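**Q** My structure is stored as input.txt, with compact mmCIF, C-alpha atoms.
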```
# COMPACT_ATOMS: atom_id res chain seq x y z
CA MET A 417 144.58 10.05 -182.16
CA LEU A 418 141.56 11.21 -180.25
CA ASP A 419 141.14 10.18 -176.65
CA ASP A 420 137.89 8.61 -175.50
CA ARG A 421 136.54 11.92 -174.19
CA ALA A 422 137.06 13.67 -177.54
CA LYS A 423 135.55 10.74 -179.45
CA LEU A 424 132.45 10.75 -177.26
CA LEU A 425 132.03 14.50 -177.65
CA LEU A 426 132.43 14.31 -181.44
CA LYS A 427 129.96 11.40 -181.63
CA THR A 428 127.42 13.34 -179.55
CA LEU A 429 127.87 16.47 -181.63
CA VAL A 430 127.46 14.64 -184.95
CA GLU A 431 124.36 12.77 -183.77
CA ARG A 432 122.77 15.96 -182.44
CA TYR A 433 123.53 17.88 -185.64
CA ILE A 434 122.14 15.08 -187.82
CA ALA A 435 118.97 15.07 -185.72
CA ASP A 436 118.43 18.84 -185.43
CA GLY A 437 120.23 20.40 -188.38
CA THR A 438 121.44 23.37 -186.35
CA PRO A 439 124.99 24.12 -185.11
CA VAL A 440 125.65 22.53 -181.73
CA GLY A 441 126.97 24.68 -178.89
CA SER A 442 128.82 23.78 -175.70
CA ARG A 443 125.75 24.43 -173.55
CA THR A 444 123.69 21.93 -175.58
CA LEU A 445 126.46 19.35 -175.28
CA SER A 446 126.81 19.90 -171.53
CA ARG A 447 123.19 18.76 -171.14
CA ALA A 448 123.67 15.64 -173.30
CA PRO A 449 123.17 12.40 -171.32
CA GLY A 450 126.36 10.43 -170.78
CA LEU A 451 128.77 13.25 -171.60
CA GLU A 452 129.12 14.64 -168.06
CA LEU A 453 131.70 17.31 -168.91
CA SER A 454 131.74 20.91 -167.78
CA PRO A 455 131.03 23.62 -170.36
CA ALA A 456 134.63 24.83 -170.03
CA THR A 457 136.03 21.36 -170.72
CA ILE A 458 133.64 20.96 -173.65
CA ARG A 459 134.82 24.26 -175.15
CA ASN A 460 138.45 23.16 -174.86
CA VAL A 461 137.77 19.79 -176.50
CA MET A 462 135.74 21.46 -179.26
CA ALA A 463 138.64 23.81 -179.94
CA ASP A 464 140.92 20.77 -180.32
CA LEU A 465 138.44 19.08 -182.68
CA GLU A 466 138.24 22.27 -184.73
CA ASP A 467 142.04 22.45 -184.96
CA LEU A 468 142.00 18.88 -186.29
CA GLY A 469 139.49 19.86 -188.98
CA LEU A 470 136.76 17.59 -187.61
CA ILE A 471 134.25 20.33 -186.80
CA ALA A 472 133.80 23.88 -188.01
CA SER A 473 132.08 27.05 -186.86
CA PRO A 474 129.60 28.65 -189.29
CA HIS A 475 129.97 32.42 -189.42
CA THR A 476 126.43 33.02 -188.23
CA SER A 477 126.53 30.85 -185.10
CA ALA A 478 128.57 30.15 -182.00
CA GLY A 479 127.84 26.45 -182.39
CA ARG A 480 129.81 23.87 -184.37
CA VAL A 481 128.96 21.53 -187.26
CA PRO A 482 130.80 18.39 -188.43
CA THR A 483 133.08 18.65 -191.46
CA ALA A 484 133.30 15.92 -194.10
CA ARG A 485 136.38 14.68 -192.25
CA GLY A 486 134.42 14.62 -189.00
CA TYR A 487 131.61 12.64 -190.63
CA ARG A 488 134.16 10.17 -192.02
CA LEU A 489 135.66 9.53 -188.58
CA PHE A 490 132.17 9.17 -187.12
CA VAL A 491 131.08 6.68 -189.79
CA ASP A 492 134.31 4.65 -189.62
CA THR A 493 134.76 4.38 -185.86
CA MET A 494 131.63 5.45 -183.99
CA LEU A 495 128.60 4.44 -186.02
CA THR A 496 126.52 1.62 -184.61
CA ALA A 497 123.84 0.63 -187.09
CA GLN A 498 120.68 -0.43 -185.30
CA ARG A 499 119.16 -3.46 -187.02
CA THR A 500 115.58 -2.26 -186.89
CA GLN A 501 112.93 -3.71 -189.15
CA LEU A 502 112.45 -1.51 -192.20
CA ALA A 503 109.08 -1.55 -193.90
CA ALA A 504 110.60 -2.36 -197.29
CA PRO A 505 108.15 -3.66 -199.89
CA SER A 506 109.11 -6.70 -201.90
CA LEU A 507 110.34 -6.40 -205.48
CA PRO A 508 108.30 -8.79 -207.63
CA ALA A 509 110.39 -10.64 -210.20
CA ASP A 510 109.56 -9.15 -213.56
CA GLN A 511 111.48 -7.75 -216.48
CA PRO A 512 114.90 -6.55 -215.23
CA GLN A 513 114.17 -2.98 -216.31
CA LYS A 514 111.05 -2.90 -214.11
CA VAL A 515 112.93 -4.36 -211.15
CA ILE A 516 115.64 -1.69 -211.50
CA ALA A 517 113.12 1.16 -211.84
CA ASN A 518 111.13 -0.11 -208.82
CA ALA A 519 114.32 -0.42 -206.77
CA ALA A 520 115.39 3.16 -207.53
CA GLN A 521 111.95 4.41 -206.48
CA MET A 522 112.03 2.30 -203.32
CA LEU A 523 115.46 3.68 -202.34
CA SER A 524 114.14 7.19 -202.84
CA ASN A 525 110.90 6.58 -200.91
CA LEU A 526 112.62 4.95 -197.94
CA SER A 527 115.48 7.44 -197.71
CA GLN A 528 113.59 10.57 -198.82
CA PHE A 529 116.69 11.37 -200.88
CA VAL A 530 117.85 10.28 -204.35
CA GLY A 531 117.92 6.60 -205.31
CA VAL A 532 120.28 5.39 -208.05
CA VAL A 533 120.52 1.88 -209.50
CA MET A 534 122.87 0.59 -212.19
CA ALA A 535 121.27 -1.95 -214.49
CA PRO A 536 122.78 -5.45 -214.30
CA ARG A 537 125.83 -6.08 -216.42
CA ARG A 538 125.88 -9.62 -217.71
CA ALA A 539 126.84 -11.27 -220.95
CA ALA A 540 124.13 -10.28 -223.44
CA ALA A 541 122.27 -13.35 -224.66
CA PHE A 542 118.97 -13.75 -226.41
CA ARG A 543 116.28 -16.37 -226.12
CA GLN A 544 114.20 -15.49 -229.16
CA VAL A 545 114.18 -13.14 -232.15
CA GLU A 546 111.37 -12.20 -234.53
CA PHE A 547 111.32 -10.09 -237.69
CA LEU A 548 108.22 -8.16 -238.72
CA ARG A 549 107.92 -6.45 -242.10
CA LEU A 550 106.68 -2.89 -241.59
CA SER A 551 107.05 -1.60 -245.13
CA GLU A 552 109.43 -1.97 -248.05
CA ARG A 553 113.00 -2.39 -246.72
CA ARG A 554 111.84 -1.50 -243.18
CA LEU A 555 111.69 -4.18 -240.49
CA LEU A 556 110.92 -4.42 -236.80
CA VAL A 557 113.34 -6.66 -234.89
CA ILE A 558 111.92 -8.03 -231.61
CA LEU A 559 114.51 -9.48 -229.23
CA VAL A 560 113.79 -11.38 -226.02
CA SER A 561 116.77 -11.91 -223.72
CA THR A 562 117.32 -15.02 -221.59
CA ASP A 563 116.19 -13.09 -218.49
CA GLY A 564 112.93 -11.97 -220.10
CA ASP A 565 113.90 -8.46 -221.20
CA VAL A 566 112.28 -7.36 -224.47
CA GLN A 567 113.89 -4.96 -226.96
CA ASN A 568 112.31 -3.60 -230.14
CA ARG A 569 114.31 -1.92 -232.90
CA VAL A 570 113.40 -0.71 -236.38
CA ILE A 571 116.06 -1.41 -239.03
CA PHE A 572 116.38 -0.53 -242.71
CA THR A 573 117.62 -3.16 -245.17
CA ASP A 574 119.28 -2.96 -248.58
CA ARG A 575 116.49 -4.95 -250.20
CA ASP A 576 112.90 -5.88 -249.50
CA TYR A 577 112.15 -9.18 -247.69
CA SER A 578 108.93 -11.19 -247.76
CA GLN A 579 107.38 -12.20 -244.46
CA SER A 580 108.09 -15.87 -245.25
CA GLU A 581 111.82 -15.06 -245.60
CA LEU A 582 111.73 -13.24 -242.28
CA VAL A 583 110.04 -16.19 -240.56
CA GLU A 584 112.59 -18.61 -242.03
CA ALA A 585 115.50 -16.49 -240.83
CA ALA A 586 114.02 -16.10 -237.34
CA ASN A 587 113.34 -19.84 -237.06
CA TYR A 588 116.91 -20.66 -238.07
CA LEU A 589 118.38 -18.13 -235.63
CA ASN A 590 116.20 -19.33 -232.74
CA ALA A 591 116.92 -23.00 -233.45
CA HIS A 592 120.70 -22.65 -233.70
CA TYR A 593 121.69 -19.72 -231.51
CA SER A 594 119.11 -19.29 -228.73
CA GLY A 595 120.76 -19.06 -225.31
CA LEU A 596 124.17 -18.03 -226.61
CA SER A 597 125.81 -14.71 -225.85
CA MET A 598 126.12 -12.20 -228.67
CA GLU A 599 129.86 -12.79 -228.87
CA GLN A 600 129.29 -16.52 -229.34
CA VAL A 601 126.65 -15.87 -231.99
CA ARG A 602 128.92 -13.50 -233.89
CA ASP A 603 131.84 -15.95 -233.85
CA GLN A 604 129.64 -18.84 -234.97
CA LEU A 605 128.06 -16.78 -237.72
CA GLN A 606 131.42 -15.85 -239.18
CA SER A 607 132.42 -19.49 -239.46
CA GLU A 608 129.10 -20.46 -241.09
CA MET A 609 128.64 -17.51 -243.46
CA GLU A 610 129.63 -19.46 -246.58
CA THR A 611 127.14 -22.26 -245.96
CA LEU A 612 124.17 -19.97 -245.25
CA ARG A 613 121.92 -18.44 -247.88
CA SER A 614 122.80 -14.79 -248.29
CA GLU A 615 119.43 -13.39 -247.22
CA ILE A 616 119.40 -15.44 -244.00
CA ALA A 617 123.00 -14.51 -243.24
CA THR A 618 122.25 -10.81 -243.80
CA LEU A 619 119.22 -10.84 -241.53
CA MET A 620 121.04 -12.74 -238.82
CA GLN A 621 123.94 -10.28 -238.92
CA ALA A 622 121.45 -7.42 -238.61
CA ALA A 623 119.80 -9.12 -235.62
CA VAL A 624 123.15 -9.64 -233.93
CA GLN A 625 124.07 -6.00 -234.45
CA VAL A 626 120.74 -4.74 -233.14
CA SER A 627 120.85 -7.12 -230.18
CA THR A 628 124.37 -6.09 -229.24
CA GLU A 629 123.44 -2.40 -229.37
CA ALA A 630 120.20 -2.91 -227.47
CA MET A 631 121.72 -5.05 -224.73
CA SER A 632 124.69 -2.69 -224.35
CA ALA A 633 122.38 0.29 -224.04
CA ALA A 634 120.31 -1.49 -221.42
CA GLN A 635 123.41 -2.52 -219.47
CA ASP A 636 124.71 1.04 -219.31
CA ASP A 637 121.49 2.41 -217.87
CA VAL A 638 121.51 4.18 -214.55
CA VAL A 639 118.03 4.75 -213.16
CA VAL A 640 117.70 7.83 -210.94
CA ALA A 641 114.64 8.51 -208.77
CA GLY A 642 113.71 11.21 -206.28
CA GLU A 643 115.90 14.11 -207.41
CA ARG A 644 113.16 16.51 -206.32
CA ASN A 645 113.54 15.28 -202.74
CA LEU A 646 116.63 17.48 -202.47
CA LEU A 647 114.41 20.53 -202.84
CA ALA A 648 113.02 19.76 -199.39
CA VAL A 649 116.46 19.40 -197.76
CA SER A 650 117.24 22.57 -195.81
CA ASP A 651 120.97 22.13 -196.48
CA PHE A 652 120.28 22.73 -200.19
CA SER A 653 117.07 24.74 -200.43
CA SER A 654 118.82 27.98 -199.46
CA ASP A 655 121.55 27.59 -202.10
CA MET A 656 120.22 27.26 -205.63
CA SER A 657 123.70 26.99 -207.14
CA GLN A 658 124.36 23.83 -205.13
CA LEU A 659 121.01 22.40 -206.21
CA ARG A 660 121.73 23.22 -209.84
CA ARG A 661 125.10 21.45 -209.69
CA ALA A 662 123.48 18.40 -208.09
CA PHE A 663 120.78 18.18 -210.75
CA GLU A 664 123.41 18.48 -213.48
CA LEU A 665 125.16 15.49 -211.94
CA PHE A 666 122.00 13.38 -212.11
CA GLU A 667 121.59 14.28 -215.78
CA GLN A 668 125.17 13.27 -216.59
CA LYS A 669 124.70 9.59 -215.92
CA ALA A 670 128.20 8.70 -217.12
CA GLN A 671 129.55 10.21 -213.88
CA LEU A 672 127.15 8.16 -211.80
CA LEU A 673 128.16 5.02 -213.71
CA ARG A 674 131.81 5.61 -212.81
CA LEU A 675 130.86 6.03 -209.16
CA LEU A 676 128.78 2.86 -209.15
CA ASP A 677 131.56 0.98 -210.95
CA VAL A 678 133.94 1.88 -208.13
CA SER A 679 131.41 0.70 -205.58
CA SER A 680 130.90 -2.64 -207.34
CA LYS A 681 134.51 -3.62 -206.60
CA ALA A 682 133.96 -3.55 -202.83
CA GLU A 683 132.10 -5.87 -200.54
CA GLY A 684 129.28 -4.65 -198.34
CA VAL A 685 128.09 -1.07 -198.06
CA ARG A 686 130.42 1.78 -199.08
CA ILE A 687 130.07 5.38 -197.94
CA PHE A 688 131.52 8.37 -199.78
CA ILE A 689 131.33 11.63 -197.82
CA GLY A 690 131.62 15.17 -199.12
CA GLY A 691 133.31 14.58 -202.44
CA GLU A 692 135.55 11.67 -201.40
CA SER A 693 134.47 9.71 -204.46
CA GLN A 694 135.93 12.34 -206.85
CA VAL A 695 132.94 11.50 -209.04
CA VAL A 696 130.44 13.34 -206.85
CA PRO A 697 132.65 16.35 -206.06
CA PHE A 698 130.33 18.07 -203.61
CA GLU A 699 131.23 18.84 -200.02
CA GLU A 700 127.49 18.80 -199.24
CA LEU A 701 126.65 15.37 -200.74
CA SER A 702 127.25 11.86 -199.48
CA VAL A 703 126.73 8.54 -201.26
CA VAL A 704 125.84 5.25 -199.57
CA SER A 705 126.14 2.36 -202.03
CA ALA A 706 126.30 -1.43 -202.27
CA SER A 707 126.66 -3.97 -205.05
CA TYR A 708 124.01 -6.58 -205.75
CA GLU A 709 124.38 -10.16 -206.94
CA VAL A 710 122.40 -12.26 -209.37
CA ASP A 711 122.89 -16.02 -209.08
CA GLY A 712 126.01 -15.45 -206.96
CA GLU A 713 127.65 -12.99 -209.40
CA VAL A 714 128.06 -9.25 -208.75
CA VAL A 715 126.33 -7.59 -211.71
CA GLY A 716 125.42 -4.06 -210.54
CA THR A 717 125.39 -1.41 -207.85
CA LEU A 718 122.79 0.80 -206.22
CA GLY A 719 122.76 3.53 -203.65
CA VAL A 720 121.36 6.64 -202.02
CA ILE A 721 122.65 10.17 -202.66
CA GLY A 722 121.77 12.80 -200.08
CA PRO A 723 123.19 15.53 -197.86
CA THR A 724 126.20 14.84 -195.66
CA ARG A 725 123.80 15.43 -192.77
CA MET A 726 121.96 12.14 -193.08
CA HIS A 727 121.14 9.27 -190.74
CA TYR A 728 123.93 7.01 -191.97
CA ASP A 729 122.84 4.03 -189.89
CA ARG A 730 119.40 4.08 -191.51
CA MET A 731 120.82 4.63 -195.01
CA ILE A 732 123.14 1.63 -194.58
CA GLN A 733 120.14 -0.55 -193.77
CA ILE A 734 118.07 0.80 -196.67
CA VAL A 735 120.85 0.23 -199.21
CA ASP A 736 121.79 -3.18 -197.83
CA ILE A 737 118.21 -4.47 -197.81
CA THR A 738 117.43 -3.09 -201.28
CA ALA A 739 120.56 -4.71 -202.72
CA ARG A 740 119.39 -8.07 -201.37
CA LEU A 741 115.86 -7.56 -202.70
CA VAL A 742 117.13 -6.67 -206.19
CA GLY A 743 119.42 -9.69 -206.23
CA ASN A 744 116.61 -11.98 -205.15
CA ALA A 745 114.16 -10.57 -207.71
CA LEU A 746 116.61 -10.89 -210.60
CA SER A 747 117.74 -14.36 -209.51
CA GLN A 748 114.20 -15.77 -209.66
CA PRO A 749 113.84 -18.58 -212.18
CA LYS A 750 112.22 -17.23 -215.32
CA GLY A 751 109.30 -18.99 -216.90
```
Please express the file's structure as C-alpha cells.
**A**
Amino acid sequence: MLDDRAKLLLKTLVERYIADGTPVGSRTLSRAPGLELSPATIRNVMADLEDLGLIASPHTSAGRVPTARGYRLFVDTMLTAQRTQLAAPSLPADQPQKVIANAAQMLSNLSQFVGVVMAPRRAAAFRQVEFLRLSERRLLVILVSTDGDVQNRVIFTDRDYSQSELVEAANYLNAHYSGLSMEQVRDQLQSEMETLRSEIATLMQAAVQVSTEAMSAAQDDVVVAGERNLLAVSDFSSDMSQLRRAFELFEQKAQLLRLLDVSSKAEGVRIFIGGESQVVPFEELSVVSASYEVDGEVVGTLGVIGPTRMHYDRMIQIVDITARLVGNALSQPKG
C-alpha cells in the first residue's frame, strides 16, 4: 500500500506527464503546488514507486513516466472527473446506421483520438418488405425494419415471377408477419407451408433468409472513426511499427467487437489501460468505453481508443455523454 505522500507524488507526476508529454523529474515535482517535499525526499519516493513498477525511467531522460500499472492506480484511486460542460452536438434521431456513424465521428472529434461504436444488437424484426423484378429470375428485396433501417438485397430465383405475383407475396407477408422477429416469422412459416401457395411460400422464405442475413450483418457492424488522429499523437508518430499494428487492429473489427462485448457486460464507464483488455494488446493504447441503452435495454457499446497518455477525466465525460445521446436518439419514437 502506498502512503498518502507517495500517492500524492504519483498523482502529480501522472497529471504533469499527461499535460506535458515529457518525463517528469524531481526538480519539476519539487516546484509543484501542494507537494511541498524536498528534492531528496522526492527522489527517494520516486525510487520506491519505480521499484513497485508504477513509474519508469526512459533511457534518454533522468525524468520518470507512468507505467500502465501506474495509470491504472491513478485512474482507480486518484482520478476526480470534473463535470464540466462539453460542447457535444445532439444526435438527431434517424436511421440507426446514421446515428451510429455520427456517434463514432463525434467521439473522434471530441477526443481527437479514435471513436468506435458497436451497432445495436436487438431482435431483428421487419416492418415492411417489397419485391421488385429486375430481370428474369433476378429480384430486388427491400426490407424496412421496425426501427426504420432499410436494407436492399438482390436475389436470384429458380423461376421467373411476374410483378403481380411479387406484389401478392409482399402484401401477404406484410399483412401477416409485420412486426415479428425473424425467428418468429420462420417458425410461423414452417407451420403454414402446406396451406400456402408454393410461389408465395418460396418468396417469403427468400425474404426471411435475406432479412436474417441483412439484419445480422448490420448488428455485427463496428463503426470506426478518426484513425488518422493517431498520426498526430507524439507517442506514436515516432514509431511506425506501433502505428501499423494499431491500424491493423482497426481493420480487424472482430477484435474490436470482442472488446466492446466485454464492455457491454459492465455498468458505467470502463477503462482498459495498456493491453489490459487482452483484445487491444498494446502497452501504448488505452480504451475508455461504455454501453448504451435503447428503451431501457443495453444493446451496444461505444468508446474512445487513444494513447495511455490521455486526459482520462475528459474521456470519461465524452464517452458517458455520447452513450446517453446514442441511447436517446435510438429510443425516439419512430414515425
**Q** For Tyr588 of chain A, which of A:Ile571, A:Val545, A:Leu673, A:Val481 is the closest residue, counting only C-alpha atoms?
**A** A:Val545
**Q** Just to confirm, what's the straight-line distance from atom CA of Thr457 of chain A to atom CA of Glu431 of chain A in Å (one decimal)?
**A** 19.5 Å
**Q** I need the residue nearest Val703 of chain A from this list: A:Gly531, A:Gly441, A:Gly469, A:Gly716. Use all atoms listed in the file for the distance.
**A**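 Counting all atoms listed in the file, the residue closest to Val703 of chain A is A:Gly531.
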**Q** Applying 9 Å and only C-alpha atoms, which residues near Val742 of chain A remain after dropping the ones on its own chain fewer than 2 positions away? List them as a list of chain:residue names.
**A**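 Result of the neighbour search: A:Leu507, A:Ala509, A:Val515, A:Ile516, A:Ala519, A:Tyr708, A:Glu709, A:Val710, A:Ile737, A:Thr738, A:Ala739, A:Arg740, A:Asn744, A:Ala745, A:Leu746, A:Ser747.
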**Q** Print the selection's residues with C-alpha atoms to a file, as a CSV table (one decimal), in the frame of the given file.
**A**
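Output saved as selection22.csv:
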```csv
chain,number,residue,atom,x,y,z
A,507,LEU,CA,110.3,-6.4,-205.5
A,509,ALA,CA,110.4,-10.6,-210.2
A,515,VAL,CA,112.9,-4.4,-211.2
A,516,ILE,CA,115.6,-1.7,-211.5
A,519,ALA,CA,114.3,-0.4,-206.8
A,708,TYR,CA,124.0,-6.6,-205.8
A,709,GLU,CA,124.4,-10.2,-206.9
A,710,VAL,CA,122.4,-12.3,-209.4
A,737,ILE,CA,118.2,-4.5,-197.8
A,738,THR,CA,117.4,-3.1,-201.3
A,739,ALA,CA,120.6,-4.7,-202.7
A,740,ARG,CA,119.4,-8.1,-201.4
A,744,ASN,CA,116.6,-12.0,-205.2
A,745,ALA,CA,114.2,-10.6,-207.7
A,746,LEU,CA,116.6,-10.9,-210.6
A,747,SER,CA,117.7,-14.4,-209.5
```
**Q** Would you work out the distance separating atom CA of Asp729 of chain A from atom CA of Asp492 of chain A, expressed in Å to one decimal?
**A** 11.5 Å
**Q** Could you give me, as a PyMOL selection string, the residues within 7 Å of Ser702 of chain A, counting only C-alpha atoms and dropping anything in the same chain fewer than 5 positions from it?
**A** chain A and resi 688-690+721-724
**Q** Which of these, A:Gln579, A:Leu526, A:Glu667, A:Ser597, has the shortest distance to Gly719 of chain A once you count all atoms listed in the file?
**A**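 Under the stated criterion, the closest residue is A:Leu526.
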**Q** Using only C-alpha atoms, which of A:Leu701, A:Ala622, A:Val530, A:Val685 sits nearest Asn645 of chain A?
**A**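 Looking at the shortest contact to Asn645 of chain A, the residue is A:Val530.
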